[in-house]
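Engineer: Have a peek at my_file-v9.tsv (TSV, C-alpha atoms).
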```
chain	number	residue	atom	x	y	z
A	184	MET	CA	78.96	69.97	-50.74
A	185	ALA	CA	75.33	70.12	-49.69
A	186	HIS	CA	72.56	69.43	-52.21
A	187	LEU	CA	68.90	70.40	-51.92
A	188	THR	CA	67.88	67.36	-49.85
A	189	ASP	CA	70.93	67.92	-47.63
A	190	MET	CA	69.87	71.51	-47.06
A	191	GLU	CA	66.46	70.38	-45.78
A	192	GLU	CA	68.09	67.88	-43.42
A	193	LEU	CA	70.65	70.41	-42.22
A	194	LEU	CA	67.92	72.91	-41.39
A	195	ALA	CA	66.45	70.45	-38.88
A	196	THR	CA	69.76	70.36	-36.96
A	197	VAL	CA	69.71	74.10	-36.17
A	198	ILE	CA	69.14	74.34	-32.43
A	199	SER	CA	67.62	77.82	-32.07
A	200	GLY	CA	64.09	78.22	-33.42
A	201	ASP	CA	64.65	81.90	-34.28
A	202	VAL	CA	67.89	81.15	-36.10
A	203	ARG	CA	66.23	78.24	-37.88
A	204	ASP	CA	63.68	80.70	-39.30
A	205	TYR	CA	66.52	82.80	-40.71
A	206	MET	CA	68.10	79.75	-42.27
A	207	ARG	CA	64.77	78.64	-43.73
A	208	GLU	CA	64.60	82.00	-45.47
A	209	ALA	CA	68.19	81.51	-46.63
A	210	MET	CA	67.26	78.11	-48.09
A	211	ASN	CA	64.20	79.61	-49.80
A	212	CYS	CA	66.45	82.26	-51.33
A	213	TYR	CA	68.71	79.54	-52.65
A	214	MET	CA	65.82	77.61	-54.17
A	215	SER	CA	64.65	80.83	-55.85
A	216	SER	CA	68.16	81.34	-57.29
A	217	ALA	CA	68.64	84.35	-54.99
A	218	TYR	CA	72.10	83.20	-54.00
A	219	ARG	CA	73.14	86.62	-52.71
A	220	GLY	CA	70.22	86.55	-50.27
A	221	CYS	CA	71.14	83.03	-49.12
A	222	ILE	CA	74.67	84.14	-48.27
A	223	VAL	CA	73.67	87.36	-46.49
A	224	LEU	CA	70.93	85.71	-44.41
A	225	SER	CA	73.29	82.88	-43.42
A	226	TYR	CA	75.82	85.49	-42.32
A	227	ILE	CA	73.24	87.34	-40.20
A	228	ALA	CA	72.00	84.11	-38.61
A	229	LEU	CA	75.53	83.08	-37.73
A	230	PHE	CA	76.29	86.21	-35.71
A	231	ASP	CA	72.94	86.18	-33.94
A	232	ASP	CA	73.63	82.58	-32.97
A	233	LEU	CA	77.19	83.32	-31.84
A	234	LEU	CA	76.02	86.09	-29.54
A	235	ALA	CA	73.28	83.96	-27.99
A	236	LYS	CA	75.68	81.09	-27.32
A	237	LEU	CA	78.35	83.43	-26.04
A	238	ALA	CA	75.83	84.76	-23.52
A	239	GLU	CA	75.17	81.21	-22.30
A	240	LEU	CA	78.86	80.35	-22.11
A	241	GLY	CA	79.43	83.60	-20.24
A	242	LYS	CA	77.48	82.20	-17.29
A	243	VAL	CA	80.38	79.84	-16.56
A	244	ASN	CA	83.34	81.41	-18.36
A	245	SER	CA	84.75	84.87	-17.63
A	246	ASP	CA	86.39	85.33	-21.08
A	247	ALA	CA	83.08	84.58	-22.78
A	248	ARG	CA	81.24	86.93	-20.44
A	249	THR	CA	83.62	89.85	-21.10
A	250	THR	CA	83.57	89.26	-24.84
A	251	TYR	CA	79.78	89.12	-24.90
A	252	GLN	CA	79.40	92.33	-22.92
A	253	GLU	CA	81.82	94.24	-25.17
A	254	ALA	CA	80.27	92.84	-28.34
A	255	GLU	CA	76.83	93.96	-27.20
A	256	LYS	CA	78.16	97.50	-26.69
A	257	LYS	CA	79.60	97.52	-30.22
A	258	LYS	CA	76.58	95.89	-31.85
A	259	SER	CA	75.14	99.14	-33.22
A	260	ASP	CA	78.22	99.41	-35.45
A	261	GLN	CA	77.78	96.15	-37.33
A	262	GLU	CA	81.19	95.71	-38.92
A	263	VAL	CA	83.12	96.75	-35.81
A	264	PHE	CA	81.04	94.38	-33.71
A	265	LYS	CA	81.56	91.44	-36.04
A	266	SER	CA	85.29	92.00	-36.46
A	267	TYR	CA	85.72	92.38	-32.72
A	268	LEU	CA	83.71	89.24	-32.03
A	269	ILE	CA	85.67	87.11	-34.49
A	270	ASP	CA	89.02	88.39	-33.17
A	271	GLN	CA	88.07	87.75	-29.53
A	272	LEU	CA	86.63	84.31	-30.14
A	273	GLY	CA	89.86	83.27	-31.80
A	274	SER	CA	92.33	84.91	-29.42
A	275	LYS	CA	90.58	83.58	-26.31
A	276	ASN	CA	90.26	80.06	-27.77
A	277	LEU	CA	86.49	80.23	-27.64
A	278	LEU	CA	86.52	78.83	-31.16
A	279	SER	CA	88.89	76.32	-32.73
A	280	SER	CA	91.56	77.61	-35.09
A	281	LEU	CA	89.78	75.96	-38.02
A	282	ASP	CA	86.47	77.61	-37.19
A	283	THR	CA	88.19	80.96	-36.74
A	284	ALA	CA	89.96	80.60	-40.10
A	285	PHE	CA	86.62	79.82	-41.72
A	286	PHE	CA	85.42	83.32	-40.85
A	287	SER	CA	88.01	84.83	-43.21
A	288	THR	CA	86.57	82.86	-46.09
A	289	LEU	CA	83.02	83.62	-45.04
A	290	ARG	CA	83.66	87.34	-44.64
A	291	THR	CA	85.29	87.56	-48.08
A	292	LEU	CA	82.42	85.78	-49.82
A	293	ARG	CA	79.80	87.74	-47.92
A	294	ASN	CA	81.42	91.11	-48.67
A	295	LYS	CA	81.77	90.30	-52.36
A	296	SER	CA	78.12	89.28	-52.45
A	297	ALA	CA	76.57	92.02	-50.31
A	298	HIS	CA	78.30	95.01	-51.91
A	299	PRO	CA	78.17	96.24	-55.53
A	300	SER	CA	81.49	94.69	-56.49
A	301	GLY	CA	80.27	93.16	-59.74
A	302	HIS	CA	80.54	89.68	-58.22
A	303	LYS	CA	77.59	87.36	-58.84
A	304	PRO	CA	77.43	84.57	-56.24
A	305	SER	CA	77.25	81.07	-57.66
A	306	PRO	CA	74.96	78.31	-56.35
A	307	GLU	CA	78.08	76.48	-55.19
A	308	GLU	CA	79.18	79.45	-53.07
A	309	ALA	CA	75.75	79.79	-51.51
A	310	ARG	CA	75.51	76.06	-50.72
A	311	PHE	CA	79.01	76.07	-49.26
A	312	ILE	CA	78.23	78.93	-46.87
A	313	TYR	CA	74.82	77.53	-45.93
A	314	PHE	CA	76.34	74.12	-45.15
A	315	GLU	CA	79.38	75.37	-43.24
A	316	VAL	CA	77.45	77.89	-41.14
A	317	ILE	CA	75.04	75.20	-39.95
A	318	ASN	CA	77.54	72.36	-39.67
A	319	ARG	CA	80.22	74.34	-37.84
A	320	PHE	CA	78.07	76.55	-35.63
A	321	LEU	CA	74.28	76.51	-35.73
A	322	SER	CA	73.96	72.77	-35.06
A	323	ARG	CA	76.28	72.87	-32.06
A	324	PRO	CA	74.90	73.46	-28.57
A	325	ILE	CA	77.57	76.01	-27.64
A	326	LEU	CA	80.86	77.45	-28.81
A	327	SER	CA	84.19	75.95	-27.78
A	328	THR	CA	84.25	72.33	-26.71
A	329	THR	CA	87.56	72.99	-24.94
A	330	GLN	CA	86.13	75.67	-22.66
A	331	LEU	CA	83.22	73.55	-21.46
A	332	VAL	CA	85.36	70.47	-20.90
A	333	ASP	CA	87.83	72.52	-18.87
A	334	GLU	CA	84.98	73.94	-16.80
A	335	ILE	CA	83.83	70.42	-15.92
A	336	ILE	CA	87.34	69.24	-15.09
A	337	GLY	CA	87.97	72.29	-12.94
A	338	ARG	CA	84.91	71.56	-10.80
A	339	LEU	CA	85.83	67.94	-10.04
A	340	LYS	CA	87.61	69.10	-6.88
A	341	ASN	CA	84.27	70.13	-5.38
A	342	LYS	CA	83.12	67.68	-2.71
A	343	ASN	CA	79.46	67.99	-3.62
A	344	PHE	CA	79.89	67.48	-7.38
A	345	PHE	CA	78.13	64.12	-6.96
A	346	PRO	CA	75.74	64.40	-3.99
A	347	THR	CA	75.35	60.60	-3.71
A	348	SER	CA	77.19	57.47	-4.80
A	349	GLN	CA	74.09	55.83	-6.32
A	350	ILE	CA	74.69	55.07	-9.98
A	351	THR	CA	71.28	56.39	-11.04
A	352	ASP	CA	72.00	59.70	-9.31
A	353	ILE	CA	75.51	59.80	-10.77
A	354	SER	CA	74.24	59.19	-14.30
A	355	GLU	CA	71.64	61.96	-13.95
A	356	VAL	CA	74.33	64.44	-12.93
A	357	VAL	CA	76.55	63.33	-15.80
A	358	GLU	CA	73.74	63.61	-18.34
A	359	GLU	CA	73.07	67.19	-17.25
A	360	GLU	CA	76.77	68.08	-17.31
A	361	ILE	CA	77.25	66.89	-20.91
A	362	GLU	CA	73.97	68.33	-22.18
A	363	SER	CA	75.69	71.33	-23.78
A	364	LEU	CA	78.66	69.39	-25.14
A	365	HIS	CA	79.00	68.63	-28.83
A	366	ASN	CA	79.92	65.02	-29.62
A	367	GLU	CA	83.34	66.25	-30.73
A	368	ALA	CA	84.08	67.13	-27.09
A	369	TYR	CA	83.62	63.59	-25.79
A	370	PRO	CA	87.13	62.31	-26.63
A	371	GLN	CA	88.78	65.24	-24.88
A	372	LEU	CA	86.48	64.92	-21.88
A	373	ILE	CA	87.14	61.20	-21.47
A	374	VAL	CA	90.91	61.58	-21.81
A	375	LYS	CA	90.99	64.33	-19.16
A	376	LEU	CA	88.65	62.45	-16.83
A	377	THR	CA	90.82	59.34	-17.12
A	378	LYS	CA	93.91	61.34	-16.16
A	379	GLU	CA	92.11	62.91	-13.19
A	380	SER	CA	90.83	59.50	-12.01
A	381	VAL	CA	94.31	58.84	-10.61
A	382	ALA	CA	94.85	62.37	-9.28
A	383	SER	CA	96.42	62.94	-5.87
A	384	ASP	CA	93.46	65.01	-4.69
A	385	ALA	CA	90.92	62.58	-3.23
A	386	ASP	CA	87.79	64.50	-4.28
A	387	THR	CA	89.03	65.00	-7.84
A	388	LYS	CA	89.95	61.33	-8.12
A	389	ARG	CA	86.59	60.20	-6.77
A	390	ASN	CA	84.53	62.53	-8.95
A	391	ALA	CA	86.48	61.74	-12.12
A	392	GLY	CA	85.92	58.02	-11.54
A	393	PHE	CA	82.22	58.58	-10.84
A	394	PHE	CA	81.89	60.72	-13.97
A	395	LEU	CA	83.41	58.00	-16.18
A	396	THR	CA	81.21	55.38	-14.52
A	397	GLY	CA	78.18	57.60	-15.14
A	398	LEU	CA	79.15	57.98	-18.80
A	399	ALA	CA	79.34	54.21	-19.10
A	400	TYR	CA	75.96	53.75	-17.44
A	401	LEU	CA	74.31	56.12	-19.95
A	402	ASP	CA	75.09	53.50	-22.63
A	403	LYS	CA	75.45	55.93	-25.52
A	404	PRO	CA	77.08	54.08	-28.48
A	405	GLU	CA	79.41	56.95	-29.38
A	406	ILE	CA	80.60	57.20	-25.76
A	407	ASN	CA	80.90	53.42	-25.35
A	408	VAL	CA	83.36	53.25	-28.24
A	409	LEU	CA	85.45	56.06	-26.75
A	410	LEU	CA	85.52	54.43	-23.30
A	411	GLN	CA	86.83	51.28	-24.94
A	412	LYS	CA	89.46	53.08	-27.04
A	413	LYS	CA	90.51	55.74	-24.53
A	414	VAL	CA	90.28	53.85	-21.23
A	415	ILE	CA	89.80	50.08	-21.30
A	416	GLN	CA	92.19	49.14	-24.09
A	417	PRO	CA	95.09	51.58	-23.43
A	418	LYS	CA	94.89	51.37	-19.62
A	419	SER	CA	94.28	47.65	-19.06
A	420	ASP	CA	98.01	47.08	-18.53
A	421	ASP	CA	98.26	49.76	-15.84
A	422	ALA	CA	97.36	48.71	-12.29
A	423	ASP	CA	96.39	52.29	-11.40
A	424	TYR	CA	93.31	51.94	-13.62
A	425	HIS	CA	92.24	48.36	-12.86
A	426	HIS	CA	89.49	49.27	-10.40
A	427	LEU	CA	88.19	51.92	-12.80
A	428	ILE	CA	88.01	49.44	-15.67
A	429	LEU	CA	86.11	46.94	-13.53
A	430	ARG	CA	83.66	49.66	-12.51
A	431	LEU	CA	83.12	50.69	-16.12
A	432	VAL	CA	82.35	47.15	-17.26
A	433	SER	CA	80.24	46.56	-14.18
A	434	SER	CA	78.10	49.60	-15.01
A	435	ASN	CA	77.83	48.66	-18.69
A	436	GLY	CA	78.70	45.18	-19.94
A	437	GLN	CA	78.60	46.43	-23.52
A	438	LEU	CA	82.04	47.94	-22.94
A	439	PHE	CA	83.54	44.44	-22.87
A	440	LYS	CA	82.15	43.52	-26.25
A	441	GLY	CA	84.39	44.45	-29.15
A	442	ILE	CA	87.61	45.19	-27.25
A	443	ASN	CA	90.73	43.74	-28.84
A	444	LYS	CA	92.14	40.31	-27.90
A	445	ALA	CA	95.01	41.70	-25.86
A	446	SER	CA	92.59	43.73	-23.76
A	447	VAL	CA	90.35	40.69	-23.22
A	448	THR	CA	93.32	38.77	-21.82
A	449	ARG	CA	94.39	41.70	-19.67
A	450	PHE	CA	90.85	42.16	-18.42
A	451	LYS	CA	90.73	38.51	-17.37
A	452	ASN	CA	93.94	39.02	-15.37
A	453	ILE	CA	92.45	42.11	-13.75
A	454	PHE	CA	89.38	40.07	-12.92
A	455	ILE	CA	91.38	37.23	-11.36
A	456	GLU	CA	93.40	39.67	-9.26
A	457	ARG	CA	90.20	41.28	-8.03
A	458	ILE	CA	88.65	37.91	-7.14
A	459	ASP	CA	91.78	36.97	-5.21
A	460	SER	CA	91.97	40.27	-3.34
A	461	VAL	CA	88.34	41.07	-2.59
A	462	LYS	CA	87.40	40.66	1.05
A	463	ALA	CA	84.28	38.92	2.27
A	464	THR	CA	83.22	42.11	4.02
A	465	VAL	CA	83.07	44.04	0.73
A	466	SER	CA	79.50	44.42	-0.52
A	467	ASP	CA	78.80	42.61	-3.78
A	468	THR	CA	76.85	45.67	-4.90
A	469	GLN	CA	80.07	47.66	-5.29
A	470	PHE	CA	80.87	48.27	-8.94
A	471	SER	CA	84.32	46.73	-8.80
A	472	HIS	CA	83.09	43.57	-7.01
A	473	PRO	CA	83.47	40.41	-9.17
A	474	ILE	CA	79.82	39.46	-8.74
A	475	SER	CA	78.70	42.88	-9.93
A	476	VAL	CA	80.93	42.51	-12.98
A	477	PHE	CA	79.53	39.04	-13.72
A	478	VAL	CA	75.97	40.29	-13.50
A	479	SER	CA	76.73	43.09	-15.94
A	480	LEU	CA	78.45	40.77	-18.41
A	481	SER	CA	75.61	38.27	-18.23
A	482	LYS	CA	73.30	40.93	-19.64
A	483	VAL	CA	75.25	41.19	-22.89
A	484	LEU	CA	76.95	37.79	-23.28
A	485	SER	CA	75.34	34.39	-23.69
A	486	ASP	CA	75.93	31.70	-21.07
A	487	LYS	CA	78.21	29.89	-23.52
A	488	GLU	CA	80.25	33.03	-24.18
A	489	ILE	CA	80.68	33.65	-20.46
A	490	LEU	CA	81.74	30.05	-19.83
A	491	ASP	CA	84.15	30.06	-22.77
A	492	ILE	CA	85.79	33.34	-21.79
A	493	PHE	CA	85.63	33.22	-17.99
A	494	LYS	CA	85.78	29.52	-17.10
A	495	GLU	CA	88.78	29.96	-14.79
A	496	GLU	CA	87.39	33.13	-13.22
A	497	ILE	CA	84.01	31.54	-12.52
A	498	GLY	CA	85.74	28.62	-10.81
A	499	LYS	CA	87.73	30.96	-8.60
A	500	SER	CA	84.69	33.02	-7.65
A	501	LEU	CA	82.86	29.89	-6.52
A	502	GLN	CA	85.66	28.64	-4.29
```
Output the structure of this file as structure tokens.

Structural biologist:
Amino acid sequence: MAHLTDMEELLATVISGDVRDYMREAMNCYMSSAYRGCIVLSYIALFDDLLAKLAELGKVNSDARTTYQEAEKKKSDQEVFKSYLIDQLGSKNLLSSLDTAFFSTLRTLRNKSAHPSGHKPSPEEARFIYFEVINRFLSRPILSTTQLVDEIIGRLKNKNFFPTSQITDISEVVEEEIESLHNEAYPQLIVKLTKESVASDADTKRNAGFFLTGLAYLDKPEINVLLQKKVIQPKSDDADYHHLILRLVSSNGQLFKGINKASVTRFKNIFIERIDSVKATVSDTQFSHPISVFVSLSKVLSDKEILDIFKEEIGKSLQ
């Protein structure tokens, strides 16, 4: 449950400036013991925010576009518009089932507070609605994480998804693609990208691998942990993913640090196999090249750590 200091901090996470103004008024109502006003203003802000984000999602998603257009037509009839919007967001999976269920609670509390039902909202009710509205919706860049992830995955088949193979260019594309994703979408995105990195379609396979490599290169702590847990550790025993794992570590040596002991041993075997199989004609600037991997690891491990862990591999690479 949010307290007064929490409410101040939450307000700063609201993305839209206009919606933030509404929520500032809602917070001021709360602090003035006008709990009914806090609830009603939070409710208004939520639907304004939903419509704005639905319009943005509609640029890439046909369900969102249709829902937005119909909701705008119904907007003059407030209750019909809101009921329609909630029903459509849930039925078309534009919101999670938990978020959709939350609307039932919110609508009940709002109706009891806004109409002369004899109900007097408590400070706990007002804080609950204020917190949930911001935490579940207003602080998130867009609506459904599933829809945006699926849009990205669906476009991996496009040849020009990554115009170049330069890691700096790749990382710039990736950063733009994930700009509207909430952090909660990262696990799903990484799992789906990993699956597509071994797809039969050559363009999809290439782009999925590039996307994961770009994510690694961004060096975001929350993404690094997921790449370790969703790719490096569970896939290090599968030869189909060995090149991908080498490329990930080559683009960000931090991904090697903190993996479990079994994965360290498996990674060393992957490394040895790559040293044995790499041809002299292969450029050492390629991300899966042993030298590229060594360079990346040397940025995050001390000389002693590298010698202790990779003594055998270093000897082989120098032969």

Engineer: Could you pull the residues within 9 Å of Tyr369 in chain A, counting all atoms listed in the file, minus those fewer than 3 positions along the same chain, as a count of residues only?

Structural biologist: 12

Engineer: Smallest atom-to-atom distance to Asn390 in chain A: which of A:Cys212, A:Val414, A:Glu359, A:Pro346, using only C-alpha atoms?

Structural biologist: A:Pro346

Engineer: For Tyr218 in chain A, which of A:Arg319, A:Arg293, A:Lys375, A:Lys440 is the closest residue, counting all atoms listed in the file?

Structural biologist: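 Smallest separation from Tyr218 in chain A among the options: A:Arg293.
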
Engineer: Counting all atoms listed in the file, note down every residue that has an atom within 12 Å of the point (80.0, 80.6, -15.1) (file coordinates), as a list in words.

Structural biologist: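 Checking each residue against the 12 Å limit leaves Leu237, Ala238, Glu239, Leu240, Gly241, Lys242, Val243, Asn244, Ser245, Asp246, Ala247, Arg248, Thr249, Gln330, Leu331, Asp333, Glu334, Ile335, Gly337 and Arg338 of chain A.
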
Engineer: To one decimal in Å, tell me the separation between CA of Ala391 in chain A and CA of Thr377 in chain A.

Structural biologist: 7.0 Å

Engineer: Do you have the CA of His425 in chain A-CA of Pro473 in chain A distance handy?

Structural biologist: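 That distance, rounded to one decimal, is 12.4 Å.
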